[in-house]
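Chemist: Got my_file25.pdb for you, PDB, C-alpha atoms, pLDDT in the B column:
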```pdb
ATOM      1  CA  MET A   1       5.663  12.859  12.956  1.00 95.00           C
ATOM      2  CA  THR A   2       8.088   9.912  12.894  1.00 98.00           C
ATOM      3  CA  PRO A   3       8.110   7.408  10.028  1.00 98.00           C
ATOM      4  CA  MET A   4       6.620   4.735  12.318  1.00 98.00           C
ATOM      5  CA  GLU A   5       3.807   7.102  13.320  1.00 98.00           C
ATOM      6  CA  ILE A   6       3.070   7.633   9.622  1.00 98.00           C
ATOM      7  CA  ALA A   7       3.172   3.869   9.010  1.00 98.00           C
ATOM      8  CA  LEU A   8       0.760   3.338  11.913  1.00 98.00           C
ATOM      9  CA  GLU A   9      -1.550   5.970  10.427  1.00 98.00           C
ATOM     10  CA  GLU A  10      -1.499   4.045   7.139  1.00 98.00           C
ATOM     11  CA  ALA A  11      -2.151   0.766   8.977  1.00 98.00           C
ATOM     12  CA  ARG A  12      -5.199   2.237  10.727  1.00 98.00           C
ATOM     13  CA  ALA A  13      -6.511   3.535   7.402  1.00 98.00           C
ATOM     14  CA  ALA A  14      -6.022   0.062   5.894  1.00 98.00           C
ATOM     15  CA  ALA A  15      -8.016  -1.487   8.748  1.00 97.00           C
ATOM     16  CA  ALA A  16     -10.806   1.036   8.168  1.00 97.00           C
ATOM     17  CA  ARG A  17     -10.939  -0.198   4.558  1.00 97.00           C
ATOM     18  CA  GLY A  18     -11.186  -3.812   5.733  1.00 96.00           C
ATOM     19  CA  GLU A  19      -7.569  -4.585   4.885  1.00 97.00           C
ATOM     20  CA  VAL A  20      -5.043  -6.250   7.166  1.00 97.00           C
ATOM     21  CA  PRO A  21      -3.666  -3.247   9.082  1.00 98.00           C
ATOM     22  CA  VAL A  22      -0.139  -2.924   7.775  1.00 98.00           C
ATOM     23  CA  GLY A  23       1.337   0.441   6.854  1.00 98.00           C
ATOM     24  CA  ALA A  24       4.639   1.410   5.284  1.00 98.00           C
ATOM     25  CA  VAL A  25       6.578   4.565   4.526  1.00 98.00           C
ATOM     26  CA  VAL A  26       9.738   5.229   2.509  1.00 98.00           C
ATOM     27  CA  THR A  27      11.960   8.089   3.603  1.00 98.00           C
ATOM     28  CA  ASP A  28      15.105   9.450   2.000  1.00 98.00           C
ATOM     29  CA  ALA A  29      18.444  10.110   3.708  1.00 97.00           C
ATOM     30  CA  ALA A  30      17.190  13.501   4.930  1.00 97.00           C
ATOM     31  CA  GLY A  31      14.088  11.903   6.454  1.00 97.00           C
ATOM     32  CA  ARG A  32      11.692  13.271   3.833  1.00 98.00           C
ATOM     33  CA  VAL A  33       8.710  11.052   3.069  1.00 98.00           C
ATOM     34  CA  LEU A  34       8.870   9.830  -0.526  1.00 98.00           C
ATOM     35  CA  ALA A  35       5.862   7.518  -0.331  1.00 98.00           C
ATOM     36  CA  ARG A  36       3.450   5.970   2.126  1.00 98.00           C
ATOM     37  CA  ALA A  37       0.901   3.204   1.781  1.00 98.00           C
ATOM     38  CA  GLY A  38      -1.307   0.723   3.556  1.00 98.00           C
ATOM     39  CA  ASN A  39      -2.352  -2.717   2.406  1.00 98.00           C
ATOM     40  CA  ARG A  40      -4.770  -2.715  -0.556  1.00 98.00           C
ATOM     41  CA  VAL A  41      -4.932  -6.448  -1.319  1.00 98.00           C
ATOM     42  CA  GLU A  42      -8.729  -6.699  -1.132  1.00 97.00           C
ATOM     43  CA  GLU A  43      -9.445  -3.329  -2.734  1.00 97.00           C
ATOM     44  CA  LEU A  44      -7.233  -4.013  -5.747  1.00 98.00           C
ATOM     45  CA  ALA A  45      -7.868  -7.782  -5.853  1.00 98.00           C
ATOM     46  CA  ASP A  46      -4.084  -8.120  -5.947  1.00 98.00           C
ATOM     47  CA  ALA A  47      -2.283 -10.489  -3.583  1.00 98.00           C
ATOM     48  CA  SER A  48       0.911  -8.463  -4.080  1.00 98.00           C
ATOM     49  CA  ALA A  49      -0.635  -5.135  -2.997  1.00 98.00           C
ATOM     50  CA  HIS A  50       1.153  -5.186   0.354  1.00 98.00           C
ATOM     51  CA  ALA A  51       1.922  -1.839   1.962  1.00 98.00           C
ATOM     52  CA  GLU A  52       5.675  -2.292   1.468  1.00 98.00           C
ATOM     53  CA  LEU A  53       5.431  -3.002  -2.254  1.00 98.00           C
ATOM     54  CA  LEU A  54       3.037  -0.135  -2.854  1.00 98.00           C
ATOM     55  CA  ALA A  55       5.274   2.313  -0.963  1.00 98.00           C
ATOM     56  CA  LEU A  56       8.488   1.081  -2.610  1.00 98.00           C
ATOM     57  CA  ARG A  57       6.958   1.283  -6.098  1.00 98.00           C
ATOM     58  CA  ALA A  58       5.597   4.779  -5.454  1.00 98.00           C
ATOM     59  CA  ALA A  59       8.932   6.019  -4.059  1.00 98.00           C
ATOM     60  CA  ALA A  60      10.860   4.631  -7.040  1.00 98.00           C
ATOM     61  CA  ALA A  61       8.342   6.141  -9.458  1.00 98.00           C
ATOM     62  CA  ALA A  62       8.543   9.524  -7.703  1.00 97.00           C
ATOM     63  CA  ARG A  63      12.300   9.485  -8.139  1.00 97.00           C
ATOM     64  CA  GLY A  64      12.267   7.956 -11.598  1.00 98.00           C
ATOM     65  CA  GLU A  65      14.776   5.366 -10.390  1.00 97.00           C
ATOM     66  CA  PRO A  66      14.477   1.598  -9.903  1.00 97.00           C
ATOM     67  CA  ARG A  67      16.565   1.555  -6.720  1.00 98.00           C
ATOM     68  CA  LEU A  68      16.424   3.433  -3.433  1.00 98.00           C
ATOM     69  CA  PRO A  69      19.929   3.007  -1.961  1.00 98.00           C
ATOM     70  CA  ASP A  70      19.758   5.951   0.440  1.00 98.00           C
ATOM     71  CA  CYS A  71      16.248   5.183   1.684  1.00 98.00           C
ATOM     72  CA  THR A  72      14.639   3.624   4.720  1.00 98.00           C
ATOM     73  CA  LEU A  73      11.542   1.451   4.527  1.00 99.00           C
ATOM     74  CA  THR A  74       9.542   1.606   7.761  1.00 99.00           C
ATOM     75  CA  VAL A  75       6.696  -0.871   8.182  1.00 98.00           C
ATOM     76  CA  THR A  76       4.410  -1.839  11.052  1.00 98.00           C
ATOM     77  CA  LEU A  77       4.914  -5.604  10.618  1.00 98.00           C
ATOM     78  CA  GLU A  78       7.946  -7.740   9.845  1.00 98.00           C
ATOM     79  CA  PRO A  79       7.881  -8.058   6.051  1.00 98.00           C
ATOM     80  CA  CYS A  80       6.799 -11.334   4.485  1.00 98.00           C
ATOM     81  CA  PRO A  81       9.300 -13.106   2.209  1.00 98.00           C
ATOM     82  CA  MET A  82       7.911 -11.325  -0.882  1.00 98.00           C
ATOM     83  CA  CYS A  83       8.297  -7.879   0.686  1.00 98.00           C
ATOM     84  CA  ALA A  84      11.695  -8.667   2.201  1.00 98.00           C
ATOM     85  CA  GLN A  85      12.930  -9.711  -1.238  1.00 98.00           C
ATOM     86  CA  ALA A  86      11.456  -6.518  -2.710  1.00 98.00           C
ATOM     87  CA  ALA A  87      13.352  -4.447  -0.118  1.00 98.00           C
ATOM     88  CA  SER A  88      16.500  -6.211  -1.294  1.00 98.00           C
ATOM     89  CA  PHE A  89      15.721  -5.642  -4.983  1.00 98.00           C
ATOM     90  CA  PHE A  90      14.970  -1.952  -4.376  1.00 98.00           C
ATOM     91  CA  ARG A  91      18.307  -1.826  -2.519  1.00 98.00           C
ATOM     92  CA  VAL A  92      16.936   0.074   0.480  1.00 98.00           C
ATOM     93  CA  ARG A  93      19.630   1.091   2.923  1.00 98.00           C
ATOM     94  CA  ARG A  94      17.595   0.343   6.026  1.00 98.00           C
ATOM     95  CA  LEU A  95      14.491  -1.628   6.989  1.00 98.00           C
ATOM     96  CA  VAL A  96      12.677  -0.736  10.197  1.00 98.00           C
ATOM     97  CA  PHE A  97       9.685  -2.740  11.353  1.00 98.00           C
ATOM     98  CA  GLY A  98       7.367  -2.868  14.342  1.00 98.00           C
ATOM     99  CA  ALA A  99       5.734  -6.187  15.207  1.00 98.00           C
ATOM    100  CA  TYR A 100       7.528  -9.474  14.644  1.00 98.00           C
ATOM    101  CA  ASP A 101       5.681 -12.077  12.567  1.00 97.00           C
ATOM    102  CA  PRO A 102       6.695 -15.612  13.626  1.00 96.00           C
ATOM    103  CA  LYS A 103       4.136 -17.158  11.246  1.00 95.00           C
ATOM    104  CA  GLY A 104       4.533 -15.135   8.053  1.00 96.00           C
ATOM    105  CA  GLY A 105       7.679 -13.049   8.464  1.00 97.00           C
ATOM    106  CA  GLY A 106      10.566 -13.300   6.067  1.00 98.00           C
ATOM    107  CA  VAL A 107      13.267 -11.328   7.869  1.00 98.00           C
ATOM    108  CA  GLU A 108      13.740 -12.643  11.423  1.00 97.00           C
ATOM    109  CA  HIS A 109      11.432 -15.628  10.911  1.00 96.00           C
ATOM    110  CA  GLY A 110      10.501 -18.114   8.190  1.00 95.00           C
ATOM    111  CA  ALA A 111      12.495 -17.752   4.999  1.00 96.00           C
ATOM    112  CA  ARG A 112      14.978 -15.240   6.487  1.00 97.00           C
ATOM    113  CA  ILE A 113      15.498 -13.752   3.041  1.00 98.00           C
ATOM    114  CA  PHE A 114      18.502 -11.633   3.985  1.00 98.00           C
ATOM    115  CA  ALA A 115      20.397 -14.691   5.264  1.00 97.00           C
ATOM    116  CA  ALA A 116      19.933 -16.609   1.995  1.00 96.00           C
ATOM    117  CA  PRO A 117      23.040 -16.928  -0.192  1.00 95.00           C
ATOM    118  CA  SER A 118      20.932 -15.839  -3.179  1.00 94.00           C
ATOM    119  CA  CYS A 119      20.195 -12.443  -1.562  1.00 96.00           C
ATOM    120  CA  HIS A 120      22.200  -9.802  -3.410  1.00 92.00           C
ATOM    121  CA  HIS A 121      21.600  -6.878  -1.053  1.00 97.00           C
ATOM    122  CA  VAL A 122      21.080  -6.917   2.703  1.00 98.00           C
ATOM    123  CA  PRO A 123      19.760  -3.737   4.294  1.00 98.00           C
ATOM    124  CA  GLU A 124      20.425  -2.727   7.876  1.00 98.00           C
ATOM    125  CA  VAL A 125      17.490  -4.171   9.860  1.00 98.00           C
ATOM    126  CA  VAL A 126      15.918  -2.758  13.018  1.00 98.00           C
ATOM    127  CA  GLY A 127      12.970  -4.717  14.397  1.00 98.00           C
ATOM    128  CA  GLY A 128      10.614  -4.171  17.304  1.00 98.00           C
ATOM    129  CA  VAL A 129      10.071  -0.411  16.917  1.00 98.00           C
ATOM    130  CA  ARG A 130       6.806   0.376  18.732  1.00 98.00           C
ATOM    131  CA  GLU A 131       6.244  -3.368  18.665  1.00 98.00           C
ATOM    132  CA  THR A 132       3.499  -3.405  21.309  1.00 98.00           C
ATOM    133  CA  GLU A 133       1.399  -0.806  19.509  1.00 97.00           C
ATOM    134  CA  CYS A 134       1.880  -2.417  16.093  1.00 98.00           C
ATOM    135  CA  ALA A 135       1.048  -5.888  17.396  1.00 97.00           C
ATOM    136  CA  ALA A 136      -2.037  -4.634  19.267  1.00 97.00           C
ATOM    137  CA  LEU A 137      -3.407  -3.114  16.077  1.00 97.00           C
ATOM    138  CA  LEU A 138      -3.108  -6.445  14.276  1.00 96.00           C
ATOM    139  CA  ARG A 139      -4.493  -8.481  17.201  1.00 96.00           C
ATOM    140  CA  GLY A 140      -7.490  -6.179  17.484  1.00 94.00           C
ATOM    141  CA  PHE A 141      -8.214  -6.427  13.766  1.00 93.00           C
ATOM    142  CA  PHE A 142      -8.152 -10.226  13.728  1.00 91.00           C
ATOM    143  CA  ALA A 143     -10.006 -10.635  17.052  1.00 87.00           C
ATOM    144  CA  VAL A 144     -13.093  -9.042  15.496  1.00 83.00           C
ATOM    145  CA  ARG A 145     -12.919 -11.408  12.516  1.00 78.00           C
ATOM    146  CA  ARG A 146     -12.473 -14.680  14.402  1.00 70.00           C
TER     147      ARG A 146
END
```
The structure given in the file should be rewritten as structure tokens.

Modeler:
Amino acid sequence: MTPMEIALEEARAAAARGEVPVGAVVTDAAGRVLARAGNRVEELADASAHAELLALRAAAAARGEPRLPDCTLTVTLEPCPMCAQAASFFRVRRLVFGAYDPKGGGVEHGARIFAAPSCHHVPEVVGGVRETECAALLRGFFAVRR
């Protein structure tokens, strides 16, 4: 199973819990999964409980290290500014995401965190991986709620 497939699995599980369907996975240089998570904002009553933050925190805790310089963060949606900044602070080597987020994204859209002069670490970024599938999952979730 690829990291994006795992992230999509986490996103579907988040949707089943009534959360915005975003999933994330952190893998090491050998491709081993260190952590995986889906959004838990509603469940935890925590606006910062985004999939990316939960996965990054769990991966760092599993390693007993505050930084993940050889790791890849794979997420189904372009990270928001908070999560993009977290990816920088955790010093991930690579960020891979699925759907672009013109409204709330912080990487290719909006704040463009990695382009800011205050950004201390810029990971390699690959966007649009399985974009159609990731975007469809989000569209379907919100269509039912509108």

Chemist: Using the chain letters and numbers from the file, give me the residues hit by the PyMOL selection byres ((chain A and resi 5) around 10), as a PyMOL selection string.

Modeler: chain A and resi 1-4+6-11+23-25+74-76+130

Chemist: Create the file for the chosen residues now, containing C-alpha atoms and written as an mmCIF file, keeping the file's coordinate frame.

Modeler:
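Produced file out_8.cif, reproduced below:
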```cif
data_model
loop_
_atom_site.group_PDB
_atom_site.id
_atom_site.type_symbol
_atom_site.label_atom_id
_atom_site.label_comp_id
_atom_site.auth_asym_id
_atom_site.auth_seq_id
_atom_site.Cartn_x
_atom_site.Cartn_y
_atom_site.Cartn_z
ATOM 1 C CA MET A 1 5.663 12.859 12.956
ATOM 2 C CA THR A 2 8.088 9.912 12.894
ATOM 3 C CA PRO A 3 8.110 7.408 10.028
ATOM 4 C CA MET A 4 6.620 4.735 12.318
ATOM 5 C CA ILE A 6 3.070 7.633 9.622
ATOM 6 C CA ALA A 7 3.172 3.869 9.010
ATOM 7 C CA LEU A 8 0.760 3.338 11.913
ATOM 8 C CA GLU A 9 -1.550 5.970 10.427
ATOM 9 C CA GLU A 10 -1.499 4.045 7.139
ATOM 10 C CA ALA A 11 -2.151 0.766 8.977
ATOM 11 C CA GLY A 23 1.337 0.441 6.854
ATOM 12 C CA ALA A 24 4.639 1.410 5.284
ATOM 13 C CA VAL A 25 6.578 4.565 4.526
ATOM 14 C CA THR A 74 9.542 1.606 7.761
ATOM 15 C CA VAL A 75 6.696 -0.871 8.182
ATOM 16 C CA THR A 76 4.410 -1.839 11.052
ATOM 17 C CA ARG A 130 6.806 0.376 18.732
#
```

Chemist: Fewer than 3 positions away in the same chain doesn't count, so skip those; otherwise give me all residues within 7 Å of Gly104 of chain A, counting all atoms listed in the file, as a PyMOL selection string.

Modeler: chain A and resi 80+101+110

Chemist: When the PyMOL selection byres ((chain A and resi 123) around 7) is applied to the structure above, which residues does it catch, written out as a ChimeraX atom specification?

Modeler: /A:88,92-95,121-122,124-125

Chemist: As an exercise, work out the distance from atom CA of Glu19 of chain A to atom CA of Glu65 of chain A in Å and give it to one decimal place.

Modeler: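 These atoms are spaced 28.8 Å apart.
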
Chemist: My list of candidates is A:Ala115, A:Ala16, A:Leu77, A:Leu54. Which is closest to Glu131 of chain A when distances are computed with all atoms listed in the file?

Modeler: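 The answer is A:Leu77, which sits nearest to Glu131 of chain A.
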
Chemist: Measuring atom to atom with only C-alpha atoms, identify which of A:Ala13, A:Ser118, A:Ala60, A:Gly18 is nearest to Ala37 of chain A.

Modeler: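 The answer is A:Ala13, which sits nearest to Ala37 of chain A.
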
Chemist: Report, in Å with one decimal, the straight-line distance from atom CA of Glu42 of chain A to atom CA of Leu137 of chain A.

Modeler: 18.4 Å
